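Structure data follow from start-v4.csv (CSV, C-alpha atoms):
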```csv
chain,number,residue,atom,x,y,z
A,10,MET,CA,9.4,-24.7,27.6
A,11,THR,CA,8.1,-23.6,24.2
A,12,LYS,CA,8.1,-25.7,21.0
A,13,ARG,CA,10.8,-23.4,19.6
A,14,SER,CA,13.1,-23.9,22.6
A,15,ILE,CA,12.5,-27.7,22.6
A,16,LEU,CA,13.4,-28.0,19.0
A,17,ALA,CA,16.4,-25.7,19.4
A,18,SER,CA,17.6,-27.8,22.4
A,19,ILE,CA,17.2,-31.1,20.5
A,20,ILE,CA,19.2,-29.8,17.5
A,21,ALA,CA,21.9,-28.2,19.7
A,22,ALA,CA,22.3,-31.4,21.6
A,23,SER,CA,22.3,-33.4,18.4
A,24,MET,CA,25.2,-31.4,17.0
A,25,LEU,CA,27.2,-31.7,20.2
A,26,ALA,CA,26.8,-35.4,20.2
A,27,ALA,CA,27.8,-35.6,16.5
A,28,CYS,CA,30.9,-33.5,17.1
A,29,GLY,CA,32.0,-35.6,20.1
A,30,SER,CA,31.4,-39.1,18.8
A,31,GLY,CA,32.7,-41.3,16.1
A,32,ASP,CA,29.5,-43.3,15.8
A,33,TYR,CA,28.6,-42.1,12.3
A,34,SER,CA,27.1,-43.8,9.3
A,35,LYS,CA,28.4,-42.8,5.9
A,36,THR,CA,26.8,-42.4,2.5
A,37,SER,CA,28.5,-43.7,-0.6
A,38,SER,CA,29.9,-40.3,-1.4
A,39,GLY,CA,31.3,-39.8,2.1
A,40,ILE,CA,28.7,-37.7,3.9
A,41,LEU,CA,28.6,-38.5,7.6
A,42,TYR,CA,25.4,-38.7,9.5
A,43,MET,CA,24.1,-39.8,12.8
A,44,VAL,CA,20.5,-40.3,14.1
A,45,VAL,CA,20.8,-38.9,17.6
A,46,GLU,CA,17.1,-39.4,18.5
A,47,LYS,CA,15.2,-42.2,16.9
A,48,GLY,CA,11.6,-41.5,15.9
A,49,SER,CA,8.8,-44.0,16.3
A,50,GLY,CA,7.2,-43.3,12.9
A,51,PRO,CA,7.6,-45.2,9.6
A,52,GLN,CA,10.6,-44.9,7.4
A,53,VAL,CA,10.2,-42.6,4.4
A,54,LYS,CA,9.7,-44.0,0.9
A,55,ILE,CA,11.1,-42.5,-2.4
A,56,GLY,CA,8.5,-40.1,-3.8
A,57,GLN,CA,7.2,-39.0,-0.4
A,58,PHE,CA,7.9,-35.6,1.2
A,59,PHE,CA,9.4,-34.6,4.5
A,60,LYS,CA,8.2,-31.8,6.7
A,61,LEU,CA,11.2,-30.8,8.8
A,62,HIS,CA,13.0,-28.1,10.8
A,63,TYR,CA,16.7,-27.5,10.3
A,64,THR,CA,19.6,-25.6,11.6
A,65,THR,CA,22.8,-25.2,9.6
A,66,LYS,CA,26.1,-24.3,11.3
A,67,ILE,CA,29.7,-23.9,10.1
A,68,ASN,CA,32.1,-24.4,13.1
A,69,ASP,CA,30.3,-22.4,15.8
A,70,SER,CA,28.4,-20.0,13.6
A,71,ILE,CA,24.8,-20.5,12.6
A,72,LEU,CA,24.2,-20.0,8.9
A,73,GLY,CA,20.5,-20.5,9.0
A,74,THR,CA,17.6,-22.1,10.8
A,75,SER,CA,13.9,-22.7,10.3
A,76,ILE,CA,13.2,-23.0,14.0
A,77,GLY,CA,10.7,-20.4,15.1
A,78,GLY,CA,9.5,-20.0,11.5
A,79,MET,CA,8.1,-22.2,8.8
A,80,PRO,CA,9.1,-25.8,8.4
A,81,ILE,CA,10.7,-26.9,5.2
A,82,PHE,CA,9.0,-29.3,2.8
A,83,SER,CA,11.4,-31.5,0.8
A,84,PRO,CA,10.8,-34.3,-1.7
A,85,VAL,CA,12.6,-37.6,-1.0
A,86,ASP,CA,14.3,-38.6,-4.3
A,87,SER,CA,16.8,-41.2,-5.3
A,88,VAL,CA,19.9,-39.0,-5.0
A,89,PRO,CA,23.1,-40.1,-6.7
A,90,ALA,CA,26.4,-40.1,-4.9
A,91,SER,CA,27.1,-36.4,-5.2
A,92,TYR,CA,28.1,-35.4,-1.7
A,93,ASN,CA,24.6,-33.9,-1.3
A,94,PRO,CA,23.0,-34.0,2.2
A,95,ALA,CA,19.8,-35.2,0.6
A,96,GLU,CA,21.5,-38.6,0.2
A,97,VAL,CA,20.7,-39.2,3.8
A,98,PHE,CA,16.9,-38.6,3.6
A,99,ARG,CA,15.9,-42.0,2.4
A,100,PHE,CA,17.3,-43.6,5.5
A,101,LEU,CA,15.1,-41.5,7.9
A,102,HIS,CA,11.9,-42.1,9.9
A,103,LYS,CA,9.2,-39.7,11.1
A,104,GLY,CA,10.4,-38.2,14.4
A,105,ASP,CA,14.1,-38.7,13.8
A,106,SER,CA,16.6,-36.1,14.8
A,107,VAL,CA,19.7,-36.4,12.6
A,108,VAL,CA,23.0,-34.6,12.3
A,109,ILE,CA,24.7,-34.4,8.9
A,110,ILE,CA,28.4,-33.5,8.6
A,111,GLN,CA,30.0,-32.1,5.4
A,112,GLU,CA,33.7,-31.3,5.1
A,113,VAL,CA,34.4,-28.1,3.2
A,114,ASP,CA,37.6,-29.8,1.8
A,115,SER,CA,35.3,-32.4,0.1
A,116,ILE,CA,32.9,-29.7,-1.2
A,117,MET,CA,35.9,-27.8,-2.7
A,118,LYS,CA,36.7,-30.9,-4.8
A,119,GLN,CA,33.4,-30.5,-6.7
A,120,ASN,CA,33.1,-26.7,-6.5
A,121,PRO,CA,36.2,-24.6,-5.8
A,122,MET,CA,34.2,-21.4,-5.9
A,123,LEU,CA,32.9,-21.2,-2.3
A,124,PRO,CA,31.4,-18.4,-0.2
A,125,PRO,CA,33.9,-16.3,1.8
A,126,TYR,CA,32.7,-17.7,5.1
A,127,MET,CA,33.9,-21.2,4.1
A,128,LYS,CA,37.6,-22.2,4.2
A,129,LYS,CA,39.6,-25.4,4.1
A,130,GLY,CA,39.3,-27.5,7.2
A,131,ASP,CA,35.8,-26.3,8.1
A,132,LYS,CA,32.9,-28.6,8.8
A,133,ILE,CA,29.3,-27.8,8.0
A,134,GLN,CA,26.8,-29.3,10.5
A,135,ILE,CA,23.1,-29.7,9.5
A,136,GLY,CA,20.7,-30.6,12.3
A,137,ILE,CA,17.4,-31.9,11.1
A,138,ARG,CA,14.2,-32.9,12.9
A,139,ILE,CA,11.7,-34.9,10.8
A,140,LEU,CA,8.2,-33.6,11.8
A,141,ASP,CA,6.1,-35.5,9.4
A,142,ILE,CA,6.1,-37.7,6.2
A,143,LEU,CA,3.6,-36.8,3.5
A,144,ASP,CA,2.6,-39.2,0.7
A,145,ASN,CA,2.6,-36.8,-2.3
A,146,GLN,CA,3.1,-33.3,-3.5
A,147,GLU,CA,-0.6,-32.4,-3.0
A,148,GLN,CA,-0.4,-33.1,0.7
A,149,ALA,CA,2.8,-31.2,1.0
A,150,GLN,CA,1.4,-28.2,-0.8
A,151,ALA,CA,-1.7,-28.2,1.4
A,152,GLN,CA,0.3,-28.3,4.6
A,153,GLN,CA,2.7,-25.7,3.3
A,154,MET,CA,-0.2,-23.3,2.7
A,155,GLU,CA,-1.4,-23.9,6.3
A,156,GLU,CA,2.1,-23.2,7.6
A,157,MET,CA,2.4,-20.0,5.4
A,158,LYS,CA,-0.8,-18.7,7.1
A,159,LYS,CA,0.6,-19.4,10.5
A,160,GLN,CA,3.9,-17.7,9.5
A,161,GLU,CA,2.0,-14.6,8.3
A,162,GLY,CA,0.2,-14.5,11.7
A,163,ARG,CA,3.6,-14.6,13.5
A,164,ASP,CA,5.1,-12.0,11.2
A,165,GLN,CA,2.1,-9.7,11.7
A,166,ALA,CA,2.0,-10.1,15.5
A,167,LEU,CA,5.7,-9.0,15.6
A,168,VAL,CA,5.0,-5.7,13.9
A,169,ASP,CA,1.8,-5.2,15.8
A,170,GLU,CA,3.7,-5.5,19.1
A,171,PHE,CA,6.5,-3.2,17.9
A,172,ILE,CA,4.0,-0.5,16.9
A,173,LYS,CA,2.1,-0.8,20.2
A,174,LYS,CA,5.2,-1.0,22.4
A,175,ASN,CA,6.8,2.1,20.9
A,176,ASN,CA,3.5,4.0,20.8
A,177,ILE,CA,3.9,4.8,17.1
A,178,ASN,CA,1.1,6.7,15.4
A,179,ALA,CA,0.7,4.6,12.3
A,180,GLN,CA,-2.2,3.3,10.2
A,181,LYS,CA,-2.5,-0.4,9.5
A,182,ILE,CA,-3.5,-0.9,5.8
A,183,GLY,CA,-3.9,-3.5,3.2
A,184,ARG,CA,-2.6,-7.0,4.2
A,185,GLY,CA,-0.8,-5.6,7.2
A,186,THR,CA,1.7,-2.8,6.4
A,187,TYR,CA,1.8,0.1,8.8
A,188,VAL,CA,2.1,3.6,7.4
A,189,ALA,CA,3.1,6.6,9.4
A,190,VAL,CA,2.5,9.7,7.3
A,191,GLN,CA,4.7,12.7,8.2
A,192,ASN,CA,3.7,14.7,5.2
A,193,PRO,CA,1.2,13.4,2.6
A,194,GLY,CA,2.5,15.6,-0.2
A,195,GLU,CA,0.6,17.4,-2.9
A,196,GLY,CA,-0.6,16.8,-6.4
A,197,LEU,CA,-0.8,13.4,-8.1
A,198,ALA,CA,-1.3,10.4,-5.8
A,199,ALA,CA,0.9,7.3,-6.1
A,200,ASP,CA,-2.0,5.0,-7.2
A,201,SER,CA,-1.5,1.7,-9.0
A,202,GLY,CA,-0.1,2.2,-12.4
A,203,LYS,CA,1.6,5.5,-11.6
A,204,PHE,CA,5.3,5.8,-11.9
A,205,VAL,CA,7.1,7.0,-8.8
A,206,SER,CA,10.6,8.2,-7.9
A,207,VAL,CA,11.4,7.4,-4.3
A,208,LYS,CA,14.3,8.0,-1.9
A,209,TYR,CA,14.4,5.7,1.1
A,210,ARG,CA,16.3,4.5,4.2
A,211,GLY,CA,15.8,0.8,5.1
A,212,LYS,CA,16.3,-0.6,8.6
A,213,ILE,CA,15.8,-4.0,10.1
A,214,LEU,CA,12.9,-3.8,12.6
A,215,ALA,CA,14.4,-6.2,15.2
A,216,THR,CA,17.7,-4.3,15.5
A,217,GLY,CA,17.1,-0.9,14.0
A,218,LYS,CA,20.2,-1.4,11.9
A,219,GLU,CA,20.3,0.5,8.6
A,220,PHE,CA,21.0,-1.8,5.7
A,221,GLU,CA,20.5,0.5,2.6
A,222,THR,CA,19.7,4.1,1.7
A,223,ASN,CA,19.7,6.4,-1.3
A,224,MET,CA,19.0,9.5,0.8
A,225,GLU,CA,22.7,10.5,0.8
A,226,PRO,CA,23.7,13.5,-1.3
A,227,GLY,CA,24.4,12.6,-4.9
A,228,LYS,CA,22.3,9.4,-4.9
A,229,ASP,CA,19.4,9.2,-7.3
A,230,PRO,CA,15.9,8.0,-6.4
A,231,ILE,CA,14.6,4.7,-7.7
A,232,THR,CA,11.8,4.9,-10.3
A,233,PHE,CA,9.2,2.1,-10.9
A,234,PRO,CA,5.5,1.6,-11.4
A,235,VAL,CA,3.3,1.2,-8.3
A,236,GLY,CA,1.4,-2.1,-8.1
A,237,ALA,CA,3.4,-3.9,-10.7
A,238,GLY,CA,5.2,-6.2,-8.3
A,239,GLN,CA,8.6,-4.6,-9.1
A,240,VAL,CA,9.2,-3.9,-5.4
A,241,ILE,CA,8.3,-5.8,-2.2
A,242,PRO,CA,4.5,-6.0,-1.5
A,243,GLY,CA,4.7,-3.7,1.6
A,244,TRP,CA,6.0,-0.9,-0.7
A,245,ASP,CA,3.2,-1.4,-3.2
A,246,GLU,CA,0.7,-1.2,-0.3
A,247,GLY,CA,2.2,1.7,1.6
A,248,LEU,CA,3.3,4.1,-1.1
A,249,LYS,CA,-0.2,4.7,-2.3
A,250,TYR,CA,-0.7,6.9,0.8
A,251,PHE,CA,1.7,9.5,-0.5
A,252,LYS,CA,1.7,12.2,-3.2
A,253,LYS,CA,4.7,14.1,-4.7
A,254,GLY,CA,6.8,15.6,-1.9
A,255,GLY,CA,5.3,13.2,0.7
A,256,LYS,CA,7.4,11.8,3.6
A,257,GLY,CA,6.8,9.1,6.1
A,258,THR,CA,7.7,5.6,7.3
A,259,LEU,CA,6.6,2.1,6.4
A,260,TYR,CA,6.6,-0.8,8.9
A,261,ILE,CA,6.5,-4.0,6.9
A,262,PRO,CA,5.9,-7.6,8.2
A,263,GLY,CA,8.2,-10.2,7.0
A,264,PHE,CA,5.7,-11.9,4.7
A,265,LEU,CA,5.2,-8.5,2.9
A,266,ALA,CA,8.9,-8.0,2.6
A,267,TYR,CA,11.2,-10.9,1.4
A,268,GLY,CA,9.1,-13.7,2.9
A,269,MET,CA,11.0,-17.0,3.2
A,270,ARG,CA,14.0,-15.6,1.2
A,271,PRO,CA,16.8,-14.3,3.3
A,272,GLY,CA,16.3,-10.6,4.0
A,273,PRO,CA,18.9,-7.8,4.4
A,274,GLY,CA,19.9,-9.3,7.8
A,275,GLY,CA,20.4,-12.8,6.2
A,276,GLN,CA,17.3,-14.4,7.8
A,277,PRO,CA,13.9,-15.3,6.4
A,278,ASN,CA,10.7,-13.4,7.5
A,279,GLU,CA,12.5,-10.3,8.5
A,280,ALA,CA,10.3,-7.3,9.4
A,281,LEU,CA,11.6,-4.1,7.9
A,282,ILE,CA,11.3,-0.3,8.4
A,283,PHE,CA,11.6,2.2,5.5
A,284,ASP,CA,11.7,6.0,5.8
A,285,ILE,CA,10.6,7.2,2.4
A,286,GLU,CA,10.4,10.5,0.5
A,287,MET,CA,8.2,10.6,-2.6
A,288,VAL,CA,10.3,12.7,-5.0
A,289,ASP,CA,7.9,12.5,-7.9
A,290,VAL,CA,4.7,10.9,-9.1
A,291,MET,CA,4.1,10.5,-12.9
A,292,ASP,CA,1.4,9.2,-15.2
A,293,LYS,CA,4.0,7.4,-17.4
A,294,ALA,CA,7.5,6.2,-17.3
A,295,PRO,CA,10.1,9.1,-17.5
A,296,ALA,CA,12.2,9.3,-20.6
A,297,PRO,CA,15.6,7.6,-20.1
A,298,GLN,CA,18.4,10.1,-19.4
A,299,GLN,CA,20.6,10.7,-22.4
A,300,ASN,CA,24.3,10.1,-21.8
A,301,PRO,CA,25.9,13.5,-22.8
A,302,ALA,CA,28.8,11.6,-24.4
A,303,ILE,CA,26.4,10.0,-26.9
A,304,PRO,CA,24.4,12.2,-29.4
A,305,PRO,CA,20.6,11.6,-29.6
A,306,ALA,CA,19.6,8.9,-32.1
A,307,GLU,CA,18.2,11.4,-34.6
A,308,ASN,CA,21.6,13.0,-34.9
A,309,GLN,CA,23.4,9.8,-35.5
A,310,PRO,CA,24.1,8.4,-39.0
A,311,ALA,CA,21.4,6.0,-40.1
A,312,LYS,CA,22.4,2.3,-40.1
A,313,GLN,CA,22.8,0.7,-43.5
```

Could you render the structure from this file as structure tokens?
Amino acid sequence: MTKRSILASIIAASMLAACGSGDYSKTSSGILYMVVEKGSGPQVKIGQFFKLHYTTKINDSILGTSIGGMPIFSPVDSVPASYNPAEVFRFLHKGDSVVIIQEVDSIMKQNPMLPPYMKKGDKIQIGIRILDILDNQEQAQAQQMEEMKKQEGRDQALVDEFIKKNNINAQKIGRGTYVAVQNPGEGLAADSGKFVSVKYRGKILATGKEFETNMEPGKDPITFPVGAGQVIPGWDEGLKYFKKGGKGTLYIPGFLAYGMRPGPGGQPNEALIFDIEMVDVMDKAPAPQQNPAIPPAENQPAKQ
């Protein structure tokens, strides 16, 4: 059994135990928690950091998980009674598996503006596995950097395998983006500092599901400078291989897309595919389009 499946089984079993048992402890604000597997390590101290994996569920639906990806690094602070799951942290030990239960009714008392997937009567279940306790922020940052490198490797391997499995004729460039050039285009190249206008169709690599496009009739291209960090890194890498009129596809590993932030499919480290059309390449930013209902500035009365 893999590390991922072991952790998934632990957390799944933890949640089942929590839902079927009344053997909870309770924080001063009313958050319920239960340690379902006791670790053999030391208890955490205020000021230290946890390295952990988590899975969050509402009823039977998983909202998010770090299992199979990067662990989370979290400081352990003295948290006031605010119905915050972090209230539980200071009671835990290295190796503990714990389930935390929050009632949506109680959350609504503090914040009535809730996401649409939450409703009265629901329970949020957070399964946590404490992997390690770190003494200070420097140790946490050092381990986080190591974990980021591992995650980049997993992200890259996923796209490498996809390209090989589907026999896609694409060039691996930069830090790991794949570019399949259908038509390179002509004229000015989309080098760093150039302004480009691009039409695109974005899809999630794992499912092939389209999540966004401006290739439909009547939709304008997006315009931005290449290499200025205004788009995801995979775009800044891949668009440089096209000129005006160019067409092709970018295959982008998760760390060069949205990274740890939830992607278009709602999960971190999502690999993405973009069909792109390079509408234009310019040396400078295009002039803003004038609203025909508003006269140009030189024709307007001068301000007093």

Q: Would you kindly return, as JSON, numbers by chain, each protein, DNA or RNA residue with an atom no farther than 12 Å from any atom of Lys158 in chain A, considering only C-alpha atoms and excluding same-chain residues fewer than 6 positions away?
A: {"A": [78, 79, 151, 152, 164, 165, 264, 268]}

Which residues are close to Val107 in chain A, i.e. within 8 Å by all atoms listed in the file, leaving aside same-chain residues fewer than 3 positions away? Reply as a PDB file with C-alpha atoms, in the frame of the given file.
```pdb
ATOM      1  CA  SER A  23      22.300 -33.400  18.400  1.00  0.00           C
ATOM      2  CA  TYR A  42      25.400 -38.700   9.500  1.00  0.00           C
ATOM      3  CA  MET A  43      24.100 -39.800  12.800  1.00  0.00           C
ATOM      4  CA  VAL A  44      20.500 -40.300  14.100  1.00  0.00           C
ATOM      5  CA  VAL A  45      20.800 -38.900  17.600  1.00  0.00           C
ATOM      6  CA  GLU A  46      17.100 -39.400  18.500  1.00  0.00           C
ATOM      7  CA  GLY A 136      20.700 -30.600  12.300  1.00  0.00           C
ATOM      8  CA  ILE A 137      17.400 -31.900  11.100  1.00  0.00           C
ATOM      9  CA  ARG A 138      14.200 -32.900  12.900  1.00  0.00           C
TER      10      ARG A 138
END
```

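When all atoms listed in the file are used to compute distances to Ala95 in chain A, the closest of the residues A:Thr36, A:Gln276, A:Thr65, A:Gln52 turns out to be A:Thr36.
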
(Q) I'd like to know which of A:Phe283, A:Phe171, A:Phe100, A:Tyr63 is closest to Ser87 in chain A, using all atoms listed in the file. (A) A:Phe100

Just the residues within 9 Å of Glu96 in chain A, please, counting all atoms listed in the file, with nothing from its chain fewer than 6 positions along; format it as a PDB file with C-alpha atoms, keeping the file's coordinate frame.
```pdb
ATOM      1  CA  THR A  36      26.800 -42.400   2.500  1.00  0.00           C
ATOM      2  CA  SER A  37      28.500 -43.700  -0.600  1.00  0.00           C
ATOM      3  CA  SER A  38      29.900 -40.300  -1.400  1.00  0.00           C
ATOM      4  CA  ILE A  40      28.700 -37.700   3.900  1.00  0.00           C
ATOM      5  CA  ASP A  86      14.300 -38.600  -4.300  1.00  0.00           C
ATOM      6  CA  SER A  87      16.800 -41.200  -5.300  1.00  0.00           C
ATOM      7  CA  VAL A  88      19.900 -39.000  -5.000  1.00  0.00           C
ATOM      8  CA  PRO A  89      23.100 -40.100  -6.700  1.00  0.00           C
ATOM      9  CA  ALA A  90      26.400 -40.100  -4.900  1.00  0.00           C
TER      10      ALA A  90
END
```

**Q.** Residues within 12 Å of Arg163 in chain A, all atoms listed in the file, excluding chain neighbours under 4 positions, as a PyMOL selection string
**A.** chain A and resi 77-79+156-159+167-170+185+262-264+268+278-280

Q.
For a quick check of understanding, using all atoms listed in the file, which of A:Lys118, A:Arg270, A:Lys66, A:Lys174 has the smallest distance to Gln134 in chain A?
A.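 Counting all atoms listed in the file, the residue closest to Gln134 in chain A is A:Lys66.
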
**Q.** Nearest to Lys132 in chain A, chosen from A:Ile67, A:Ile231, A:Ala166, A:Phe82, with all atoms listed in the file counted in the distances
**A.** A:Ile67

Q: Write out as a list in words which residues come within 8 Å of Leu41 in chain A when counting all atoms listed in the file, dropping same-chain ones fewer than 3 positions away.
A: Tyr33, Ser34, Lys35, Thr36, Ile109, Ile110 and Gln111 of chain A

Q.
Taking (6.4, -44.5, -5.8) in the coordinates of the supplied file, I want to know which residues reach to within 10 Å of it, counting all atoms listed in the file; could you give the answer as a VMD selection string?
A. chain A and resid 54 to 57 86 144 to 145

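Comparing A:Leu248, A:Val240, A:Leu123, A:Val53 by their smallest distance to Val188 in chain A, the closest is A:Leu248 (using all atoms listed in the file).
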